[in-house]
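Structure data follow from final.tsv (TSV, C-alpha atoms and all ligand atoms):
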chain	number	residue	atom	x	y	z
A	1	MET	CA	0.00	0.00	0.00
A	2	ARG	CA	1.36	3.40	-1.03
A	3	LEU	CA	0.32	6.63	0.69
A	4	PHE	CA	0.23	9.62	-1.64
A	5	VAL	CA	-0.21	12.92	0.19
A	6	ASN	CA	-2.25	15.65	-1.49
A	7	ILE	CA	-0.76	19.05	-0.65
A	8	ASP	CA	-3.35	21.25	-2.43
A	9	HIS	CA	-4.56	22.82	0.78
A	10	VAL	CA	-1.15	24.19	1.65
A	11	ALA	CA	-1.57	26.21	-1.55
A	12	THR	CA	-5.16	27.04	-0.54
A	13	VAL	CA	-3.82	28.86	2.54
A	14	ARG	CA	-1.23	30.67	0.44
A	15	GLN	CA	-3.80	31.74	-2.16
A	16	ALA	CA	-6.03	33.16	0.57
A	17	ARG	CA	-3.50	36.01	0.71
A	18	ARG	CA	-1.97	35.67	-2.78
A	19	THR	CA	1.44	35.64	-1.12
A	20	ASP	CA	4.36	33.18	-1.16
A	21	GLU	CA	3.71	31.22	2.03
A	22	PRO	CA	3.09	28.49	2.96
A	23	ASP	CA	4.96	26.91	0.06
A	24	PRO	CA	3.47	23.60	-1.14
A	25	VAL	CA	6.85	22.44	-2.42
A	26	ARG	CA	8.32	22.67	1.09
A	27	ALA	CA	5.26	20.81	2.30
A	28	ALA	CA	5.97	18.04	-0.19
A	29	VAL	CA	9.50	17.63	1.13
A	30	LEU	CA	8.22	17.37	4.72
A	31	ALA	CA	5.55	14.88	3.62
A	32	GLU	CA	8.30	12.74	2.10
A	33	LEU	CA	10.28	12.94	5.36
A	34	GLY	CA	7.14	11.76	7.17
A	35	GLY	CA	6.90	8.69	4.93
A	36	ALA	CA	4.77	9.70	1.94
A	37	ASP	CA	5.28	7.35	-1.01
A	38	GLY	CA	4.25	10.06	-3.46
A	39	ILE	CA	2.85	13.56	-3.75
A	40	THR	CA	-0.50	14.45	-5.32
A	41	VAL	CA	-1.54	17.87	-6.59
A	42	HIS	CA	-4.66	18.93	-8.45
A	43	LEU	CA	-4.01	21.68	-10.97
A	44	ARG	CA	-7.53	23.01	-11.33
A	45	GLU	CA	-8.59	24.99	-14.37
A	46	ASP	CA	-9.48	27.96	-12.13
A	47	ARG	CA	-6.07	27.71	-10.38
A	48	ARG	CA	-7.75	28.14	-7.01
A	49	HIS	CA	-4.86	26.53	-5.13
A	50	ILE	CA	-1.97	24.86	-7.00
A	51	GLN	CA	-0.35	27.09	-9.65
A	52	ASP	CA	1.56	26.01	-12.78
A	53	ARG	CA	4.82	27.14	-11.19
A	54	ASP	CA	4.21	24.84	-8.19
A	55	VAL	CA	3.98	21.84	-10.51
A	56	THR	CA	7.26	22.74	-12.20
A	57	LEU	CA	9.11	23.29	-8.92
A	58	LEU	CA	7.58	20.20	-7.34
A	59	LEU	CA	8.81	17.98	-10.15
A	60	GLN	CA	12.30	19.44	-9.82
A	61	THR	CA	12.36	18.95	-6.06
A	62	VAL	CA	10.67	15.80	-4.80
A	63	ARG	CA	12.19	12.33	-4.86
A	64	THR	CA	8.94	10.34	-4.89
A	65	PRO	CA	6.50	10.08	-7.82
A	66	VAL	CA	4.17	13.01	-8.46
A	67	ASN	CA	0.52	12.25	-9.24
A	68	LEU	CA	-0.97	15.19	-11.13
A	69	GLU	CA	-4.76	15.43	-11.06
A	70	LEU	CA	-6.31	17.17	-14.06
A	71	ALA	CA	-9.52	17.67	-15.97
A	72	ALA	CA	-9.51	15.79	-19.29
A	73	VAL	CA	-9.33	18.91	-21.46
A	74	PRO	CA	-6.64	19.57	-24.07
A	75	GLU	CA	-5.16	22.63	-22.34
A	76	MET	CA	-4.56	20.69	-19.10
A	77	VAL	CA	-3.23	17.62	-20.90
A	78	ASP	CA	-0.75	19.92	-22.71
A	79	ILE	CA	0.55	21.01	-19.31
A	80	ALA	CA	0.93	17.40	-18.17
A	81	LEU	CA	2.83	16.48	-21.32
A	82	ALA	CA	5.20	19.39	-20.83
A	83	ALA	CA	5.74	18.67	-17.11
A	84	PRO	CA	5.70	15.51	-17.19
A	85	PRO	CA	4.75	13.77	-13.89
A	86	ALA	CA	5.03	10.03	-13.24
A	87	GLN	CA	1.25	9.71	-13.12
A	88	VAL	CA	-1.83	11.65	-14.17
A	89	THR	CA	-5.23	11.08	-12.61
A	90	LEU	CA	-8.06	12.43	-14.74
A	91	VAL	CA	-10.87	13.90	-12.65
A	92	PRO	CA	-14.19	15.60	-13.41
A	93	GLU	CA	-14.17	19.30	-12.65
A	94	ARG	CA	-16.87	21.87	-12.12
A	95	ARG	CA	-15.96	25.45	-11.25
A	96	GLU	CA	-18.68	25.90	-8.65
A	97	GLU	CA	-17.80	22.78	-6.64
A	98	VAL	CA	-15.90	23.08	-3.35
A	99	THR	CA	-14.04	19.85	-4.10
A	100	THR	CA	-14.29	17.00	-6.64
A	101	GLU	CA	-17.82	15.73	-6.14
A	102	GLY	CA	-18.09	12.49	-8.10
A	103	GLY	CA	-16.24	10.13	-10.40
A	104	LEU	CA	-15.84	10.64	-14.15
A	105	ALA	CA	-18.92	10.03	-16.32
A	106	LEU	CA	-17.73	7.39	-18.77
A	107	SER	CA	-20.95	6.01	-20.25
A	108	ALA	CA	-21.16	8.00	-23.50
A	109	GLY	CA	-20.99	11.37	-25.13
A	110	SER	CA	-18.45	14.13	-25.22
A	111	SER	CA	-17.02	13.50	-21.75
A	112	VAL	CA	-15.92	9.95	-22.56
A	113	ASP	CA	-14.48	11.15	-25.86
A	114	SER	CA	-12.37	13.76	-24.09
A	115	VAL	CA	-11.19	11.17	-21.54
A	116	ALA	CA	-10.26	8.75	-24.35
A	117	GLU	CA	-8.35	11.46	-26.16
A	118	ALA	CA	-6.50	12.49	-22.99
A	119	VAL	CA	-5.61	8.86	-22.17
A	120	MET	CA	-4.25	8.34	-25.67
A	121	ARG	CA	-2.06	11.45	-25.51
A	122	LEU	CA	-0.76	10.62	-22.03
A	123	HIS	CA	0.05	7.05	-23.01
A	124	GLN	CA	1.94	8.21	-26.08
A	125	ALA	CA	4.11	10.17	-23.63
A	126	LYS	CA	4.44	7.05	-21.43
A	127	ILE	CA	2.73	8.70	-18.44
A	128	ARG	CA	0.97	6.28	-16.09
A	129	THR	CA	-2.72	7.14	-16.29
A	130	SER	CA	-5.49	6.73	-13.74
A	131	LEU	CA	-9.20	7.61	-13.82
A	132	PHE	CA	-11.13	8.84	-10.78
A	133	VAL	CA	-14.36	6.83	-10.85
A	134	ASP	CA	-17.26	5.91	-8.60
A	135	PRO	CA	-16.96	2.37	-7.18
A	136	ASP	CA	-19.48	0.93	-9.64
A	137	PRO	CA	-19.00	-2.08	-11.95
A	138	ALA	CA	-19.93	-0.13	-15.10
A	139	ALA	CA	-17.33	2.58	-14.42
A	140	VAL	CA	-14.65	-0.04	-13.72
A	141	HIS	CA	-15.42	-1.92	-16.96
A	142	GLN	CA	-15.47	1.34	-18.96
A	143	SER	CA	-12.10	2.32	-17.48
A	144	ALA	CA	-10.59	-1.02	-18.51
A	145	GLU	CA	-11.95	-0.53	-22.03
A	146	LEU	CA	-10.24	2.87	-22.19
A	147	GLY	CA	-6.92	1.10	-21.58
A	148	VAL	CA	-5.81	3.02	-18.49
A	149	ASP	CA	-3.20	1.70	-16.07
A	150	ALA	CA	-5.23	2.41	-12.93
A	151	ILE	CA	-8.48	3.58	-11.43
A	152	GLU	CA	-8.90	5.66	-8.30
A	153	LEU	CA	-12.10	4.67	-6.52
A	154	HIS	CA	-14.03	7.63	-5.12
A	155	THR	CA	-14.40	7.07	-1.37
A	156	GLY	CA	-16.54	10.17	-0.79
A	157	GLU	CA	-19.86	8.37	-0.28
A	158	PHE	CA	-18.20	6.00	2.20
A	159	ALA	CA	-16.57	8.90	4.03
A	160	ASN	CA	-19.80	10.90	4.31
A	161	LEU	CA	-21.59	8.18	6.29
A	162	PRO	CA	-21.53	7.83	10.08
A	163	ALA	CA	-19.30	4.94	11.20
A	164	PRO	CA	-22.13	2.45	12.01
A	165	GLU	CA	-23.54	2.82	8.47
A	166	ARG	CA	-20.36	2.38	6.44
A	167	ASP	CA	-20.30	-1.42	5.92
A	168	GLY	CA	-22.32	-1.34	2.68
A	169	GLN	CA	-19.98	1.22	1.13
A	170	VAL	CA	-16.91	-0.76	2.22
A	171	GLU	CA	-18.37	-3.80	0.47
A	172	ARG	CA	-19.08	-1.69	-2.64
A	173	LEU	CA	-15.46	-0.51	-2.65
A	174	ARG	CA	-14.18	-4.05	-2.07
A	175	ARG	CA	-16.14	-5.42	-5.03
A	176	ALA	CA	-15.10	-2.59	-7.34
A	177	ALA	CA	-11.46	-3.03	-6.33
A	178	ALA	CA	-11.60	-6.80	-6.92
A	179	LEU	CA	-13.22	-6.25	-10.32
A	180	GLY	CA	-10.57	-3.69	-11.25
A	181	ARG	CA	-7.77	-6.05	-10.31
A	182	SER	CA	-9.39	-8.91	-12.23
A	183	LEU	CA	-9.47	-6.67	-15.33
A	184	GLY	CA	-5.77	-5.92	-14.97
A	185	LEU	CA	-6.10	-2.43	-13.47
A	186	ALA	CA	-4.11	-1.07	-10.54
A	187	VAL	CA	-6.60	0.17	-7.95
A	188	HIS	CA	-6.21	3.37	-5.95
A	189	ALA	CA	-8.70	5.06	-3.62
A	190	GLY	CA	-9.27	8.47	-2.14
A	191	HIS	CA	-11.39	11.44	-1.18
A	192	GLY	CA	-12.64	12.28	2.28
A	193	LEU	CA	-10.38	9.76	4.03
A	194	THR	CA	-9.45	10.73	7.60
A	195	TYR	CA	-7.51	9.39	10.60
A	196	GLU	CA	-10.84	8.13	11.92
A	197	ASN	CA	-12.28	6.43	8.81
A	198	VAL	CA	-9.26	5.27	6.75
A	199	ARG	CA	-8.75	1.84	8.29
A	200	PRO	CA	-11.42	-0.21	6.43
A	201	VAL	CA	-10.31	1.24	3.08
A	202	ALA	CA	-6.63	0.74	3.85
A	203	SER	CA	-7.45	-2.90	4.69
A	204	LEU	CA	-8.76	-3.68	1.21
A	205	SER	CA	-6.16	-6.01	-0.25
A	206	ASP	CA	-6.87	-5.03	-3.87
A	207	VAL	CA	-6.22	-1.34	-3.22
A	208	GLU	CA	-2.55	-0.43	-3.67
A	209	GLU	CA	-2.54	3.36	-3.33
A	210	LEU	CA	-4.40	5.93	-1.22
A	211	ASN	CA	-4.61	9.66	-1.95
A	212	ILE	CA	-5.24	11.69	1.18
A	213	GLY	CA	-5.10	15.46	1.53
A	214	HIS	CA	-7.50	17.52	3.59
A	215	SER	CA	-7.36	15.49	6.79
A	216	ILE	CA	-3.55	15.32	6.82
A	217	ILE	CA	-3.10	19.04	6.15
A	218	SER	CA	-5.74	19.83	8.81
A	219	ARG	CA	-3.91	17.74	11.40
A	220	ALA	CA	-0.61	19.29	10.36
A	221	VAL	CA	-1.86	22.70	11.50
A	222	PHE	CA	-1.70	21.33	15.05
A	223	VAL	CA	1.06	18.71	15.07
A	224	GLY	CA	3.27	19.62	12.09
A	225	LEU	CA	3.22	18.06	8.64
A	226	GLU	CA	5.96	15.50	9.07
A	227	ARG	CA	4.28	14.04	12.13
A	228	ALA	CA	0.82	14.22	10.56
A	229	VAL	CA	2.03	12.20	7.55
A	230	ARG	CA	3.88	9.70	9.77
A	231	GLU	CA	0.74	9.11	11.87
A	232	MET	CA	-1.38	8.49	8.76
A	233	ALA	CA	1.25	6.23	7.21
A	234	GLU	CA	1.33	4.16	10.41
A	235	ILE	CA	-2.46	3.68	10.41
A	236	VAL	CA	-2.51	2.76	6.70
A	237	ARG	CA	0.32	0.23	6.99
A	238	ASP	CA	-0.97	-1.22	10.25
A	239	ALA	CA	-4.42	-1.75	8.69
A	240	ARG	CA	-2.80	-3.91	6.05
A	241	ARG	CA	-0.93	-5.99	8.66
A	242	ALA	CA	-3.93	-6.54	10.97
A	243	PRO	CA	-7.21	-5.63	9.20
A	301	LIG	N1	-8.41	11.96	-4.96
A	301	LIG	C1	-8.93	12.86	-5.83
A	301	LIG	C2	-9.15	12.45	-7.24
A	301	LIG	C3	-9.23	14.18	-5.42
A	301	LIG	O1	-9.74	15.06	-6.31
A	301	LIG	C4	-8.96	14.55	-4.08
A	301	LIG	C5	-9.22	15.94	-3.64
A	301	LIG	O2	-8.44	16.84	-4.37
A	301	LIG	C6	-8.40	13.58	-3.22
A	301	LIG	C7	-8.16	12.29	-3.67
A	301	LIG	C8	-8.06	13.90	-1.81
A	301	LIG	O3	-9.23	14.12	-1.08
A	301	LIG	P1	-9.14	14.67	0.40
A	301	LIG	O4	-8.52	16.03	0.32
A	301	LIG	O5	-10.56	14.69	0.83
A	301	LIG	O6	-8.28	13.72	1.17
Using C-alpha cells, write down the structure that the file contains.
Amino acid sequence: MRLFVNIDHVATVRQARRTDEPDPVRAAVLAELGGADGITVHLREDRRHIQDRDVTLLLQTVRTPVNLELAAVPEMVDIALAAPPAQVTLVPERREEVTTEGGLALSAGSSVDSVAEAVMRLHQAKIRTSLFVDPDPAAVHQSAELGVDAIELHTGEFANLPAPERDGQVERLRRAAALGRSLGLAVHAGHGLTYENVRPVASLSDVEELNIGHSIISRAVFVGLERAVREMAEIVRDARRAP
C-alpha cells in the first residue's frame, strides 16, 4: 500500500493572501520525510490553489512520484505532457464545486471522448494514467476498455456516512477493487479519508494506493506536517498488517 499525500490545501492557505507562504513544495518535502510514497496535486482549471509554477518546482524537487490530477481537457493535458509527472489522474471538474464531487462520467458522449483522447495522448508520452471513478462495476469496466493503467475509486460516499452505516460502502469498494484487479487495473482510492475512517479502506487487499489530503493538512496545523504524515502512514500500513 502506497500513501500519496495531497498538498493542495497548503496552496489554498497561500492563495487566501496571494502571497508566497506556505509553500506547497516545502510541504511536499516534509511529507516525504514523514513517509509519503508520493505527492498528489490537483491543478484546477481555475487555479484556485496549486499554480503552474508549483507543478514545475515540485517535479524538480521531490524524490517520490508526483501524481498530477487534471480535468480531461486539451489545455490541461498539454501542461501534463510538458511537465511531465510520473502519473496523471483524470478527474471531473466543475468550477462551482468546493471539491471534486463524483467520479468521471464514462458512459457515453463528449465527456468519454475527451477522456479517451486524454488517455491516448498521455500514453503516447508514457505517463501512467489513472481515472477517478465511482466504485461501480460499469465505471470499472469502462475504465478497462479505455486502456488506463489504474483507477482511483471515489471514497466520498463511504466517508460521508456515520461509522455504524459504512459497511455497505466498504463492500461496494471491495467489489469494485476486486473487479478492477481482475481486469488488470491497478486500484487506488481516495477522497474524504481521515484518521478516523481510513482503516477499512486501507485494509482492502486489492487497493494499492491511497490519496489523502484535507485530513492530513488539517492535522498538520496542530502537530506539524511531518508528524501528521507519519501518523497516517502508520495507520494505513498497520491496517494492512492486521485488518
Ligand atoms: N483523490 C482525488 C481524485 C481528489 O480530487 C482529491 C481531492 O483533491 C483527493 C483524492 C483527496 O481528497 P481529500 O482532500 O478529501 O483527502
Closest contacts (chain A/ligand LIG 301 (chain A), max 9 Å, only C-alpha atoms and all ligand atoms) as a Markdown table:
| residue | atom | partner | partner_atom | distance |
| --- | --- | --- | --- | --- |
| A:Val5 | CA | A:LIG301 | C8 | 8.2 |
| A:Asn6 | CA | A:LIG301 | C8 | 6.1 |
| A:Ile7 | CA | A:LIG301 | O4 | 8.4 |
| A:Asp8 | CA | A:LIG301 | O2 | 7.0 |
| A:His9 | CA | A:LIG301 | O4 | 7.9 |
| A:Thr40 | CA | A:LIG301 | C7 | 8.1 |
| A:Val41 | CA | A:LIG301 | O2 | 7.3 |
| A:His42 | CA | A:LIG301 | O2 | 5.9 |
| A:Glu69 | CA | A:LIG301 | C2 | 6.5 |
| A:Leu70 | CA | A:LIG301 | O1 | 8.7 |
| A:Thr89 | CA | A:LIG301 | C2 | 6.8 |
| A:Leu90 | CA | A:LIG301 | C2 | 7.6 |
| A:Val91 | CA | A:LIG301 | C2 | 5.9 |
| A:Pro92 | CA | A:LIG301 | O1 | 8.4 |
| A:Glu93 | CA | A:LIG301 | O1 | 8.8 |
| A:Thr99 | CA | A:LIG301 | C5 | 6.2 |
| A:Thr100 | CA | A:LIG301 | O1 | 5.0 |
| A:Glu101 | CA | A:LIG301 | O1 | 8.1 |
| A:Gly102 | CA | A:LIG301 | O1 | 8.9 |
| A:Gly103 | CA | A:LIG301 | C2 | 8.1 |
| A:Leu131 | CA | A:LIG301 | C2 | 8.2 |
| A:Phe132 | CA | A:LIG301 | C2 | 5.4 |
| A:Val133 | CA | A:LIG301 | C2 | 8.5 |
| A:Glu152 | CA | A:LIG301 | C2 | 6.9 |
| A:Leu153 | CA | A:LIG301 | N1 | 8.3 |
| A:His154 | CA | A:LIG301 | N1 | 7.1 |
| A:Thr155 | CA | A:LIG301 | C7 | 8.5 |
| A:Gly156 | CA | A:LIG301 | O5 | 7.7 |
| A:Ala159 | CA | A:LIG301 | O5 | 8.9 |
| A:His188 | CA | A:LIG301 | N1 | 8.9 |
| A:Ala189 | CA | A:LIG301 | N1 | 7.0 |
| A:Gly190 | CA | A:LIG301 | C7 | 4.3 |
| A:His191 | CA | A:LIG301 | O3 | 3.4 |
| A:Gly192 | CA | A:LIG301 | O5 | 3.5 |
| A:Leu193 | CA | A:LIG301 | O6 | 5.3 |
| A:Thr194 | CA | A:LIG301 | O6 | 7.2 |
| A:Leu210 | CA | A:LIG301 | C7 | 7.8 |
| A:Asn211 | CA | A:LIG301 | C7 | 4.7 |
| A:Ile212 | CA | A:LIG301 | O6 | 3.7 |
| A:Gly213 | CA | A:LIG301 | O6 | 3.6 |
| A:His214 | CA | A:LIG301 | O4 | 3.7 |
| A:Ser215 | CA | A:LIG301 | O6 | 6.0 |
| A:Ile216 | CA | A:LIG301 | O6 | 7.5 |
| A:Ile217 | CA | A:LIG301 | O4 | 8.5 |
### Query
Can you tell me, as number ranges by chain, what residues are no more than 12 Å from Lys126 in chain A when counting only C-alpha atoms, ignoring any on the same chain fewer than 4 positions away?
A: 80-81, 84-88, 119-122, 148-149
### Query
Of the residues A:Pro22, A:Gly180, A:Gly38, A:Pro164, which is the one nearest to Leu68 in chain A, using all atoms listed in the file?
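Under the stated criterion, the closest residue is A:Gly38.
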### Task
List the neighbours of range 51-61 of chain A out to 9 Å using all atoms listed in the file; skip same-chain residues closer than 2 positions along the sequence, and give me the result as an MDAnalysis selection string.
chainID A and resid 11 23:26 28:29 39 41 43:44 47:49 63 65:66 68 79 83:85
### Query
Taking (-8.1, -4.2, -12.2) in the file's coordinates, which residues come within 12 Å, counting only C-alpha atoms, written as an NGL selection string?
:A and (130-131 or 137 or 139-145 or 147-153 or 174-188 or 206-208)
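CA of Ala82 in chain A to CA of Asp113 in chain A spans 21.9 Å [interatomic distance, one decimal].
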### Message
Could you tell me how far CA of Ala202 in chain A sits from CA of Ile235 in chain A, in Å to one decimal place?
### Response
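One can read the CA of Ile235 in chain A to CA of Ala202 in chain A distance as 8.3 Å.
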### Query
If we count all atoms listed in the file, what is near Leu3 in chain A at a cut-off of 6 Å, once residues fewer than 2 positions away on the same chain are taken out, given as JSON, numbers by chain?
{"A": [36, 37, 209, 210]}
### Query
Using all atoms listed in the file, which of the listed residues (A:Leu204, A:Leu173, A:Val62, A:Val73) sits closest to Val236 in chain A?
A:Leu204
### Task
Just give me the gap between CA of Ala27 in chain A and CA of Glu196 in chain A in Å, one decimal is fine.
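These atoms are spaced 22.6 Å apart.
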